[in-house]
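Colleague: Structure supplied as coords.pdb; contents: PDB, C-alpha atoms.
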MODEL        1
ATOM      1  CA  MET A   1      90.034 229.295 207.535
ATOM      2  CA  THR A   2      92.489 226.861 209.020
ATOM      3  CA  ASP A   3      92.392 223.235 207.981
ATOM      4  CA  HIS A   4      91.032 222.325 211.359
ATOM      5  CA  SER A   5      88.107 224.752 211.237
ATOM      6  CA  VAL A   6      87.268 223.456 207.735
ATOM      7  CA  LEU A   7      87.111 219.979 209.262
ATOM      8  CA  ILE A   8      84.818 221.123 212.083
ATOM      9  CA  TYR A   9      82.458 222.955 209.690
ATOM     10  CA  THR A  10      82.381 219.960 207.361
ATOM     11  CA  ILE A  11      81.445 217.662 210.239
ATOM     12  CA  LEU A  12      78.695 220.056 211.339
ATOM     13  CA  ALA A  13      77.379 220.389 207.772
ATOM     14  CA  ALA A  14      77.327 216.582 207.529
ATOM     15  CA  ALA A  15      75.372 216.470 210.783
ATOM     16  CA  VAL A  16      72.782 218.908 209.379
ATOM     17  CA  ALA A  17      72.553 216.933 206.112
ATOM     18  CA  THR A  18      72.017 213.732 208.093
ATOM     19  CA  TYR A  19      69.372 215.323 210.277
ATOM     20  CA  ILE A  20      67.530 216.464 207.145
ATOM     21  CA  THR A  21      67.377 212.841 205.914
ATOM     22  CA  ARG A  22      65.885 211.883 209.282
ATOM     23  CA  ILE A  23      63.057 214.427 209.282
ATOM     24  CA  ALA A  24      62.310 214.678 205.545
ATOM     25  CA  GLY A  25      60.319 211.469 205.238
ATOM     26  CA  TYR A  26      58.061 212.433 208.097
ATOM     27  CA  VAL A  27      57.540 215.948 206.772
ATOM     28  CA  LEU A  28      56.705 214.679 203.270
ATOM     29  CA  ILE A  29      54.400 211.840 204.297
ATOM     30  CA  THR A  30      52.393 213.864 206.818
ATOM     31  CA  ARG A  31      51.581 216.378 204.064
ATOM     32  CA  LEU A  32      49.552 213.763 202.239
ATOM     33  CA  SER A  33      45.968 213.716 203.380
ATOM     34  CA  HIS A  34      45.471 210.205 202.054
ATOM     35  CA  ILE A  35      48.124 207.514 201.671
ATOM     36  CA  PRO A  36      47.378 205.302 198.634
ATOM     37  CA  PRO A  37      47.443 201.542 199.373
ATOM     38  CA  ARG A  38      50.413 200.913 197.095
ATOM     39  CA  LEU A  39      52.476 203.571 198.855
ATOM     40  CA  GLU A  40      51.457 202.031 202.143
ATOM     41  CA  ALA A  41      52.559 198.594 200.917
ATOM     42  CA  ALA A  42      55.915 200.085 199.911
ATOM     43  CA  LEU A  43      56.320 201.774 203.305
ATOM     44  CA  SER A  44      55.509 198.532 205.060
ATOM     45  CA  ALA A  45      58.352 196.921 203.103
ATOM     46  CA  VAL A  46      60.890 199.583 204.134
ATOM     47  CA  PRO A  47      62.576 197.599 206.956
ATOM     48  CA  ALA A  48      63.069 194.443 204.890
ATOM     49  CA  ALA A  49      64.118 196.337 201.743
ATOM     50  CA  VAL A  50      66.576 198.815 203.248
ATOM     51  CA  LEU A  51      68.169 196.467 205.764
ATOM     52  CA  SER A  52      68.554 193.696 203.144
ATOM     53  CA  ALA A  53      70.249 196.157 200.802
ATOM     54  CA  LEU A  54      72.679 196.997 203.608
ATOM     55  CA  VAL A  55      73.479 193.377 204.508
ATOM     56  CA  ALA A  56      73.455 191.485 201.207
ATOM     57  CA  PRO A  57      76.823 192.649 199.802
ATOM     58  CA  HIS A  58      78.562 191.248 202.901
ATOM     59  CA  PHE A  59      77.485 187.762 201.799
ATOM     60  CA  ILE A  60      79.359 188.175 198.519
ATOM     61  CA  TYR A  61      82.202 190.648 198.843
ATOM     62  CA  ALA A  62      83.578 190.163 202.366
ATOM     63  CA  GLY A  63      85.422 186.888 201.861
ATOM     64  CA  VAL A  64      84.451 183.243 201.971
ATOM     65  CA  ASP A  65      84.793 183.046 205.778
ATOM     66  CA  VAL A  66      82.196 185.787 206.242
ATOM     67  CA  THR A  67      79.902 184.185 203.650
ATOM     68  CA  ILE A  68      79.913 180.830 205.467
ATOM     69  CA  ALA A  69      79.527 182.348 208.945
ATOM     70  CA  LEU A  70      76.624 184.531 207.792
ATOM     71  CA  LEU A  71      74.866 181.586 206.131
ATOM     72  CA  VAL A  72      75.137 179.537 209.333
ATOM     73  CA  ALA A  73      73.939 182.504 211.398
ATOM     74  CA  LEU A  74      71.067 183.015 208.938
ATOM     75  CA  ALA A  75      69.883 179.426 209.417
ATOM     76  CA  ILE A  76      70.086 179.839 213.191
ATOM     77  CA  GLY A  77      68.504 183.290 213.179
ATOM     78  CA  PHE A  78      65.190 181.745 212.175
ATOM     79  CA  ARG A  79      65.054 179.920 215.535
ATOM     80  CA  LEU A  80      67.064 181.891 218.087
ATOM     81  CA  PRO A  81      67.162 185.531 219.210
ATOM     82  CA  THR A  82      69.584 188.096 217.759
ATOM     83  CA  LEU A  83      72.192 187.827 220.523
ATOM     84  CA  TRP A  84      72.668 184.136 219.699
ATOM     85  CA  LEU A  85      72.936 184.969 216.049
ATOM     86  CA  LEU A  86      75.724 187.474 216.833
ATOM     87  CA  LEU A  87      77.557 184.952 219.003
ATOM     88  CA  ILE A  88      77.343 182.163 216.428
ATOM     89  CA  ALA A  89      78.375 184.421 213.544
ATOM     90  CA  TRP A  90      81.363 185.620 215.559
ATOM     91  CA  ALA A  91      82.396 182.119 216.724
ATOM     92  CA  GLY A  92      81.937 180.834 213.176
ATOM     93  CA  VAL A  93      84.119 183.455 211.535
ATOM     94  CA  MET A  94      86.806 183.114 214.222
ATOM     95  CA  GLY A  95      86.817 179.331 213.812
ATOM     96  CA  LEU A  96      87.095 179.583 210.036
ATOM     97  CA  ARG A  97      89.952 182.085 210.316
ATOM     98  CA  TYR A  98      91.702 179.902 212.861
ATOM     99  CA  PHE A  99      91.652 177.014 210.392
ATOM    100  CA  GLY A 100      92.793 179.320 207.639
ATOM    101  CA  VAL A 101      89.648 179.451 205.486
TER     102      VAL A 101
ATOM    103  CA  MET B   1      61.988 205.315 236.005
ATOM    104  CA  ASN B   2      58.909 204.120 234.185
ATOM    105  CA  THR B   3      58.589 200.657 232.665
ATOM    106  CA  ASP B   4      58.541 201.867 229.067
ATOM    107  CA  PHE B   5      61.888 203.597 229.533
ATOM    108  CA  LEU B   6      63.360 200.440 231.093
ATOM    109  CA  GLN B   7      61.958 198.232 228.324
ATOM    110  CA  GLY B   8      63.588 200.565 225.808
ATOM    111  CA  MET B   9      66.900 200.305 227.653
ATOM    112  CA  ARG B  10      66.619 196.515 227.716
ATOM    113  CA  SER B  11      66.080 196.227 223.966
ATOM    114  CA  SER B  12      69.289 198.202 223.409
ATOM    115  CA  VAL B  13      71.543 195.301 224.533
ATOM    116  CA  PRO B  14      71.979 193.514 221.174
ATOM    117  CA  VAL B  15      72.190 196.893 219.441
ATOM    118  CA  VAL B  16      75.101 197.969 221.619
ATOM    119  CA  VAL B  17      76.866 194.598 221.269
ATOM    120  CA  GLY B  18      76.564 194.832 217.474
ATOM    121  CA  SER B  19      77.571 198.470 217.117
ATOM    122  CA  ALA B  20      80.197 199.024 219.844
ATOM    123  CA  PRO B  21      83.119 197.433 217.954
ATOM    124  CA  PHE B  22      82.121 199.498 214.950
ATOM    125  CA  GLY B  23      82.156 202.711 217.026
ATOM    126  CA  ALA B  24      85.570 201.867 218.447
ATOM    127  CA  LEU B  25      86.806 201.151 214.938
ATOM    128  CA  PHE B  26      85.542 204.558 213.817
ATOM    129  CA  GLY B  27      87.415 206.273 216.678
ATOM    130  CA  ALA B  28      90.625 204.428 215.899
ATOM    131  CA  LEU B  29      90.454 205.138 212.155
ATOM    132  CA  ALA B  30      89.559 208.788 212.797
ATOM    133  CA  VAL B  31      92.776 209.334 214.738
ATOM    134  CA  ASP B  32      94.673 207.422 212.058
ATOM    135  CA  ASN B  33      93.258 209.888 209.517
ATOM    136  CA  GLY B  34      94.495 212.922 211.433
ATOM    137  CA  PHE B  35      91.411 213.653 213.574
ATOM    138  CA  SER B  36      91.913 214.672 217.192
ATOM    139  CA  VAL B  37      89.992 212.716 219.832
ATOM    140  CA  SER B  38      87.549 215.620 220.172
ATOM    141  CA  ASP B  39      86.963 215.751 216.386
ATOM    142  CA  ALA B  40      86.082 212.050 216.446
ATOM    143  CA  VAL B  41      83.735 212.532 219.377
ATOM    144  CA  LEU B  42      82.141 215.571 217.708
ATOM    145  CA  MET B  43      81.437 213.558 214.574
ATOM    146  CA  SER B  44      79.957 210.600 216.473
ATOM    147  CA  ALA B  45      77.865 212.889 218.655
ATOM    148  CA  SER B  46      76.566 215.160 215.883
ATOM    149  CA  VAL B  47      76.319 213.015 212.743
ATOM    150  CA  TYR B  48      75.543 209.818 214.687
ATOM    151  CA  ALA B  49      75.347 207.462 211.698
ATOM    152  CA  GLY B  50      78.078 204.821 211.679
ATOM    153  CA  ALA B  51      78.424 203.818 208.050
ATOM    154  CA  SER B  52      78.386 207.416 206.838
ATOM    155  CA  GLN B  53      80.986 208.421 209.428
ATOM    156  CA  LEU B  54      83.382 205.827 208.026
ATOM    157  CA  VAL B  55      82.695 206.982 204.474
ATOM    158  CA  GLY B  56      83.340 210.565 205.594
ATOM    159  CA  LEU B  57      86.673 209.588 207.172
ATOM    160  CA  ASP B  58      87.759 207.863 204.023
ATOM    161  CA  LEU B  59      87.048 210.998 201.974
ATOM    162  CA  PHE B  60      88.651 213.393 204.484
ATOM    163  CA  GLY B  61      91.779 211.273 204.187
ATOM    164  CA  LYS B  62      91.787 211.777 200.404
ATOM    165  CA  ASN B  63      91.632 215.593 200.515
ATOM    166  CA  ILE B  64      88.327 215.766 198.711
ATOM    167  CA  GLN B  65      86.341 219.050 198.567
ATOM    168  CA  PRO B  66      84.278 219.521 201.765
ATOM    169  CA  TRP B  67      80.944 219.841 199.915
ATOM    170  CA  LEU B  68      81.577 216.490 198.229
ATOM    171  CA  VAL B  69      82.227 214.910 201.614
ATOM    172  CA  VAL B  70      78.914 216.302 202.882
ATOM    173  CA  LEU B  71      77.101 215.130 199.741
ATOM    174  CA  SER B  72      78.507 211.611 200.095
ATOM    175  CA  ILE B  73      77.420 211.428 203.728
ATOM    176  CA  PHE B  74      73.981 212.629 202.661
ATOM    177  CA  ALA B  75      73.869 209.857 200.035
ATOM    178  CA  VAL B  76      74.801 207.163 202.543
ATOM    179  CA  ASN B  77      72.144 208.433 204.944
ATOM    180  CA  PHE B  78      69.440 208.907 202.333
ATOM    181  CA  ARG B  79      67.654 205.736 203.531
ATOM    182  CA  HIS B  80      66.589 207.550 206.725
ATOM    183  CA  ILE B  81      64.001 209.420 204.642
ATOM    184  CA  LEU B  82      62.220 206.090 204.211
ATOM    185  CA  TYR B  83      62.460 205.370 207.934
ATOM    186  CA  SER B  84      60.882 208.601 209.087
ATOM    187  CA  ALA B  85      58.127 208.276 206.476
ATOM    188  CA  SER B  86      57.253 204.704 207.398
ATOM    189  CA  MET B  87      57.202 205.273 211.178
ATOM    190  CA  ALA B  88      55.253 208.541 210.924
ATOM    191  CA  PRO B  89      51.952 207.011 212.119
ATOM    192  CA  TYR B  90      53.528 205.587 215.302
ATOM    193  CA  ILE B  91      55.090 208.828 216.521
ATOM    194  CA  LYS B  92      52.397 211.273 215.459
ATOM    195  CA  HIS B  93      51.417 211.734 219.095
ATOM    196  CA  PHE B  94      54.888 213.015 220.114
ATOM    197  CA  SER B  95      55.125 216.760 220.780
ATOM    198  CA  GLY B  96      57.189 218.906 218.406
ATOM    199  CA  VAL B  97      60.254 218.908 220.666
ATOM    200  CA  GLN B  98      59.928 215.156 221.239
ATOM    201  CA  LYS B  99      59.825 214.588 217.487
ATOM    202  CA  ALA B 100      62.915 216.757 217.019
ATOM    203  CA  PHE B 101      64.778 214.544 219.517
ATOM    204  CA  ALA B 102      63.319 211.356 218.082
ATOM    205  CA  PHE B 103      64.548 212.140 214.564
ATOM    206  CA  PHE B 104      68.019 212.983 215.826
ATOM    207  CA  LEU B 105      68.247 209.492 217.388
ATOM    208  CA  LEU B 106      66.815 207.715 214.322
ATOM    209  CA  VAL B 107      69.541 205.182 213.463
ATOM    210  CA  ASP B 108      68.862 201.844 211.703
ATOM    211  CA  PRO B 109      68.305 199.738 214.857
ATOM    212  CA  GLN B 110      66.213 202.487 216.459
ATOM    213  CA  TYR B 111      63.936 202.397 213.444
ATOM    214  CA  ALA B 112      63.804 198.595 213.330
ATOM    215  CA  GLU B 113      62.999 198.303 217.046
ATOM    216  CA  THR B 114      60.277 200.957 216.696
ATOM    217  CA  GLU B 115      58.654 198.991 213.870
ATOM    218  CA  LYS B 116      58.897 195.770 215.892
ATOM    219  CA  ARG B 117      57.390 197.363 218.982
ATOM    220  CA  HIS B 118      54.460 198.662 216.998
ATOM    221  CA  GLU B 119      54.032 195.258 215.368
ATOM    222  CA  LYS B 120      53.842 193.597 218.798
ATOM    223  CA  GLY B 121      50.956 195.938 219.616
ATOM    224  CA  LEU B 122      52.909 197.778 222.334
ATOM    225  CA  PRO B 123      52.705 201.567 222.558
ATOM    226  CA  VAL B 124      55.565 203.500 220.959
ATOM    227  CA  SER B 125      55.736 206.010 223.799
ATOM    228  CA  PHE B 126      58.316 208.751 224.000
ATOM    229  CA  SER B 127      59.805 207.217 227.183
ATOM    230  CA  TRP B 128      60.292 203.881 225.440
ATOM    231  CA  TYR B 129      61.812 205.577 222.395
ATOM    232  CA  LEU B 130      64.150 207.672 224.532
ATOM    233  CA  GLY B 131      65.100 204.711 226.754
ATOM    234  CA  LEU B 132      66.265 202.817 223.681
ATOM    235  CA  GLY B 133      67.691 205.860 221.874
ATOM    236  CA  LEU B 134      69.857 207.129 224.730
ATOM    237  CA  SER B 135      71.076 203.610 225.571
ATOM    238  CA  VAL B 136      72.384 203.349 222.030
ATOM    239  CA  TYR B 137      73.598 206.948 221.622
ATOM    240  CA  VAL B 138      75.645 207.273 224.814
ATOM    241  CA  PRO B 139      77.660 204.037 224.319
ATOM    242  CA  TRP B 140      78.186 204.940 220.659
ATOM    243  CA  VAL B 141      79.784 208.273 221.547
ATOM    244  CA  ALA B 142      81.699 206.675 224.449
ATOM    245  CA  VAL B 143      83.202 203.819 222.404
ATOM    246  CA  SER B 144      84.160 206.283 219.649
ATOM    247  CA  ALA B 145      86.143 208.210 222.276
ATOM    248  CA  LEU B 146      87.687 204.988 223.635
ATOM    249  CA  GLY B 147      88.589 203.867 220.131
ATOM    250  CA  ALA B 148      90.197 207.251 219.447
ATOM    251  CA  PHE B 149      92.186 207.122 222.702
ATOM    252  CA  PHE B 150      93.232 203.493 222.598
ATOM    253  CA  GLY B 151      93.083 202.885 218.842
ATOM    254  CA  LYS B 152      96.526 201.373 218.645
ATOM    255  CA  MET B 153      95.646 198.848 221.351
ATOM    256  CA  ILE B 154      92.424 197.558 219.767
ATOM    257  CA  GLY B 155      94.361 195.516 217.283
ATOM    258  CA  ASP B 156      93.148 194.289 213.938
ATOM    259  CA  PRO B 157      89.329 194.086 213.931
ATOM    260  CA  HIS B 158      89.539 191.404 211.261
ATOM    261  CA  ALA B 159      91.746 189.155 213.422
ATOM    262  CA  LEU B 160      89.310 189.622 216.318
ATOM    263  CA  GLY B 161      86.347 188.743 214.103
ATOM    264  CA  LEU B 162      84.637 192.060 214.890
ATOM    265  CA  ASP B 163      83.879 192.814 211.249
ATOM    266  CA  ILE B 164      81.108 190.197 211.218
ATOM    267  CA  LEU B 165      79.085 191.666 214.092
ATOM    268  CA  LEU B 166      77.417 194.518 212.250
ATOM    269  CA  PRO B 167      76.237 192.582 209.175
ATOM    270  CA  ALA B 168      75.117 189.735 211.463
ATOM    271  CA  TYR B 169      73.186 192.205 213.594
ATOM    272  CA  PHE B 170      71.479 193.751 210.562
ATOM    273  CA  MET B 171      70.616 190.283 209.325
ATOM    274  CA  GLY B 172      68.930 189.622 212.681
ATOM    275  CA  LEU B 173      66.900 192.790 212.141
ATOM    276  CA  VAL B 174      65.824 191.654 208.665
ATOM    277  CA  LEU B 175      64.691 188.290 210.079
ATOM    278  CA  GLY B 176      62.681 190.108 212.742
ATOM    279  CA  PHE B 177      60.267 191.279 210.023
ATOM    280  CA  ARG B 178      59.613 187.911 208.402
ATOM    281  CA  GLN B 179      55.929 187.895 209.434
ATOM    282  CA  ARG B 180      55.208 190.818 207.124
ATOM    283  CA  SER B 181      53.449 190.334 203.835
ATOM    284  CA  HIS B 182      55.752 189.977 200.831
ATOM    285  CA  TRP B 183      58.780 189.711 203.144
ATOM    286  CA  LEU B 184      60.621 187.046 201.150
ATOM    287  CA  PRO B 185      60.229 188.555 197.662
ATOM    288  CA  VAL B 186      61.210 191.989 199.016
ATOM    289  CA  VAL B 187      64.307 190.604 200.768
ATOM    290  CA  VAL B 188      65.364 188.633 197.685
ATOM    291  CA  ALA B 189      64.830 191.573 195.303
ATOM    292  CA  SER B 190      66.616 194.133 197.481
ATOM    293  CA  SER B 191      69.499 191.768 198.227
ATOM    294  CA  LEU B 192      70.128 190.795 194.607
ATOM    295  CA  VAL B 193      69.826 194.328 193.260
ATOM    296  CA  SER B 194      72.050 195.686 196.033
ATOM    297  CA  ILE B 195      74.732 193.097 195.237
ATOM    298  CA  VAL B 196      74.598 193.857 191.527
ATOM    299  CA  ALA B 197      74.543 197.630 192.138
ATOM    300  CA  MET B 198      77.543 197.358 194.465
ATOM    301  CA  HIS B 199      79.463 195.789 191.592
ATOM    302  CA  PHE B 200      78.352 198.061 188.760
ATOM    303  CA  VAL B 201      77.568 201.374 190.454
ATOM    304  CA  GLY B 202      79.486 201.157 193.717
ATOM    305  CA  SER B 203      79.005 202.129 197.326
ATOM    306  CA  PRO B 204      76.995 203.893 198.783
ATOM    307  CA  TRP B 205      74.498 203.925 195.912
ATOM    308  CA  HIS B 206      73.878 200.180 196.212
ATOM    309  CA  ILE B 207      71.868 200.814 199.397
ATOM    310  CA  SER B 208      69.347 203.192 197.824
ATOM    311  CA  ILE B 209      69.156 201.256 194.551
ATOM    312  CA  GLY B 210      68.706 197.896 196.318
ATOM    313  CA  ALA B 211      66.122 199.320 198.724
ATOM    314  CA  LEU B 212      64.194 200.912 195.864
ATOM    315  CA  ALA B 213      63.971 197.568 194.037
ATOM    316  CA  GLY B 214      62.281 195.951 197.051
ATOM    317  CA  LEU B 215      59.928 198.890 197.566
ATOM    318  CA  VAL B 216      58.840 198.983 193.923
ATOM    319  CA  LEU B 217      58.225 195.252 194.046
ATOM    320  CA  ALA B 218      56.151 195.600 197.229
ATOM    321  CA  ALA B 219      54.119 198.396 195.626
ATOM    322  CA  CYS B 220      53.446 196.256 192.533
ATOM    323  CA  MET B 221      52.340 193.135 194.426
ATOM    324  CA  PRO B 222      48.588 192.524 194.643
ATOM    325  CA  VAL B 223      47.160 194.557 197.515
ATOM    326  CA  THR B 224      45.791 192.237 200.211
ATOM    327  CA  SER B 225      43.901 193.102 203.382
ATOM    328  CA  ASP B 226      47.195 192.335 205.070
ATOM    329  CA  THR B 227      49.139 195.016 203.292
ATOM    330  CA  LEU B 228      46.305 197.480 203.796
ATOM    331  CA  GLU B 229      46.747 197.223 207.536
ATOM    332  CA  GLY B 230      50.368 198.175 207.042
ATOM    333  CA  GLU B 231      51.843 195.077 208.620
ATOM    334  CA  GLY B 232      51.043 191.437 208.310
ATOM    335  CA  ALA B 233      51.281 190.402 211.954
ATOM    336  CA  LYS B 234      49.929 186.884 211.866
ATOM    337  CA  PRO B 235      49.526 184.706 214.905
TER     338      PRO B 235
ENDMDL
END
Using the file provided, produce a representation of the structure as structure tokens.
Modeller:
Amino acid sequence: MTDHSVLIYTILAAAVATYITRIAGYVLITRLSHIPPRLEAALSAVPAAVLSALVAPHFIYAGVDVTIALLVALAIGFRLPTLWLLLIAWAGVMGLRYFGV
Amino acid sequence: MNTDFLQGMRSSVPVVVGSAPFGALFGALAVDNGFSVSDAVLMSASVYAGASQLVGLDLFGKNIQPWLVVLSIFAVNFRHILYSASMAPYIKHFSGVQKAFAFFLLVDPQYAETEKRHEKGLPVSFSWYLGLGLSVYVPWVAVSALGAFFGKMIGDPHALGLDILLPAYFMGLVLGFRQRSHWLPVVVASSLVSIVAMHFVGSPWHISIGALAGLVLAACMPVTSDTLEGEGAKP
């Protein structure tokens, strides 16, 4: 195989692997006839748990400018919709970088 | 077009704003790493999972065995298993083919918007799901191609402040679920454990480890009538 066809097959294999992660949860959970309350509580926490795990390291490891901008955006995000939060985070980080923070 | 489809399209706006720079960045880095424009487009169109695409690029660039690249992408995307399990009750009424499509389009914001729509008491219809899903998918593939073509002209994403958009967008998603029972303890537990795991174990494992901490905590909390209903939508 040429290097390029290896690349194509690797991409396609990655696509299949990703698709499996997207159907597996559904397939597994629909096999249960009864979902115990504690499992249901865990499933209800999935959005907060997974998305927090994705975001949190940015507060710590992405530089002090990002930390400050995210904290400001966090405070504002409790009151305003997401588009505002994006705008304020972006303006904040640009401002901080402009002033050399 | 029916209203559900249009509502889905409308809720895609912040998603596209948050993810477009990231898609362009992927395209630009892909070409930098020796991908052709069509390779970059193929990866965005078939894998369709931003963070894992960047991880994949990084590994391709280091001449790592192909199966290890695939395994790493699988690890980054492992969280989707939780998504499809937790939204199972809302999409049970989709036909088999509709489900097959729905799972292909299941990216983080698609999942979060689906949960939010259900929480608002609106129907998660296939038209709504597809309206949102296609409005995120098509721009994603398009900006990947643009980034691959014009990569050199995009400039430094850091200098343009684009690196903050994705974490800020995800933070907005997290806040969107603050009415749910045990939201704060789950967020705190997952965040702290993810940060610690990033330091001691490394990426991408911090995502699964951090998520698991929040889920275990939620499962151990006293079961209230709130949690039994699956979501604590309070007035």
Colleague: What is the CA of Ala88 (chain B) to CA of Ala219 (chain B) distance in Å?
Modeller: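 A separation of 18.4 Å between them.
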Colleague: I'd like to know which of B:Leu134, B:Val141, B:Val70, B:Ile64 is closest to chain A, using all atoms listed in the file.
Modeller: B:Val70
Colleague: What are the closest atom pairs, with distances in Å to one decimal, for each residue of chain B lying within 6 Å of chain A, using all atoms listed in the file, rows by chain and rising residue number, as CSV?
Modeller:
residue,atom,partner,partner_atom,distance
B:Pro14,CA,A:Leu83,CA,5.7
B:Met43,CA,A:Ile11,CA,6.0
B:Ser46,CA,A:Ala15,CA,5.4
B:Val47,CA,A:Ala15,CA,4.1
B:Pro66,CA,A:Thr10,CA,5.9
B:Val70,CA,A:Ala14,CA,4.9
B:Phe74,CA,A:Ala17,CA,5.7
B:Phe78,CA,A:Thr21,CA,5.7
B:His80,CA,A:Arg22,CA,5.1
B:Ile81,CA,A:Gly25,CA,4.3
B:Leu82,CA,A:Gly25,CA,5.8
B:Ser84,CA,A:Gly25,CA,4.8
B:Ala85,CA,A:Gly25,CA,4.1
B:Ser86,CA,A:Leu43,CA,5.1
B:Ala88,CA,A:Tyr26,CA,5.6
B:Phe103,CA,A:Arg22,CA,5.5
B:Gly161,CA,A:Met94,CA,5.6
B:Pro167,CA,A:Val55,CA,5.5
B:Ala168,CA,A:Leu86,CA,5.9
B:Gly172,CA,A:Thr82,CA,5.3
B:Val174,CA,A:Ala48,CA,5.4
B:Val186,CA,A:Ala49,CA,5.9
B:Val187,CA,A:Ser52,CA,5.8
B:Ser190,CA,A:Ala53,CA,5.3
B:Ser191,CA,A:Ala56,CA,5.0
B:Ser194,CA,A:Ala53,CA,5.1
B:Ile195,CA,A:Pro57,CA,5.0
B:Ile207,CA,A:Ala53,CA,5.1
B:Gly210,CA,A:Ala53,CA,5.1
B:Ala211,CA,A:Val50,CA,4.6
B:Gly214,CA,A:Ala49,CA,5.1
B:Leu215,CA,A:Ala42,CA,4.8
B:Ala218,CA,A:Ala42,CA,5.2
B:Ala219,CA,A:Arg38,CA,4.7
B:Thr227,CA,A:Ala41,CA,5.5
B:Gly230,CA,A:Ser44,CA,5.5
Colleague: Taking the file above as input, evaluate the PyMOL selection byres ((chain B and resi 7) around 12) and report the hits as JSON, numbers by chain.
Modeller: {"B": [1, 2, 3, 4, 5, 6, 8, 9, 10, 11, 12, 13, 113, 117, 122, 123, 124, 125, 126, 127, 128, 129, 130, 131, 132, 133, 135]}
Colleague: Those same residues - C-alpha atoms - I'd like them written as a tab-separated table (two decimals), in the coordinates of the input.
Modeller:
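The new file part_1.tsv reads:
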chain	number	residue	atom	x	y	z
B	1	MET	CA	61.99	205.32	236.00
B	2	ASN	CA	58.91	204.12	234.18
B	3	THR	CA	58.59	200.66	232.66
B	4	ASP	CA	58.54	201.87	229.07
B	5	PHE	CA	61.89	203.60	229.53
B	6	LEU	CA	63.36	200.44	231.09
B	8	GLY	CA	63.59	200.56	225.81
B	9	MET	CA	66.90	200.30	227.65
B	10	ARG	CA	66.62	196.52	227.72
B	11	SER	CA	66.08	196.23	223.97
B	12	SER	CA	69.29	198.20	223.41
B	13	VAL	CA	71.54	195.30	224.53
B	113	GLU	CA	63.00	198.30	217.05
B	117	ARG	CA	57.39	197.36	218.98
B	122	LEU	CA	52.91	197.78	222.33
B	123	PRO	CA	52.70	201.57	222.56
B	124	VAL	CA	55.56	203.50	220.96
B	125	SER	CA	55.74	206.01	223.80
B	126	PHE	CA	58.32	208.75	224.00
B	127	SER	CA	59.80	207.22	227.18
B	128	TRP	CA	60.29	203.88	225.44
B	129	TYR	CA	61.81	205.58	222.40
B	130	LEU	CA	64.15	207.67	224.53
B	131	GLY	CA	65.10	204.71	226.75
B	132	LEU	CA	66.26	202.82	223.68
B	133	GLY	CA	67.69	205.86	221.87
B	135	SER	CA	71.08	203.61	225.57
Colleague: Expand the PyMOL selection byres ((chain B and resi 27) around 8) into the individual residues it matches in the shown file, reporting them as a list of chain:residue names.
Modeller: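 Output of the PyMOL selection byres ((chain B and resi 27) around 8): B:Gly23, B:Ala24, B:Leu25, B:Phe26, B:Ala28, B:Leu29, B:Ala30, B:Val31, B:Val37, B:Ala40, B:Val41, B:Val143, B:Ser144, B:Ala145, B:Leu146, B:Gly147, B:Ala148, B:Phe149, B:Gly151.
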Colleague: How many Å lie between CA of Gln53 (chain B) and CA of Phe104 (chain B), rounded to one decimal?
Modeller: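 Separation between CA of Gln53 (chain B) and CA of Phe104 (chain B): 15.2 Å.
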Colleague: Between CA of Ala112 (chain B) and CA of Tyr169 (chain B), what is the distance in Å, rounded to a tenth?
Modeller: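 Result for CA of Ala112 (chain B) versus CA of Tyr169 (chain B): 11.4 Å, one decimal.
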Colleague: Rank B:Asp156, B:Tyr90, B:Trp140, B:Ser203 by their smallest atom-to-atom distance to Gly121 (chain B), using all atoms listed in the file, and report the top residue only.
Modeller: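 Among B:Asp156, B:Tyr90, B:Trp140, B:Ser203, it is B:Tyr90 that comes nearest to Gly121 (chain B).
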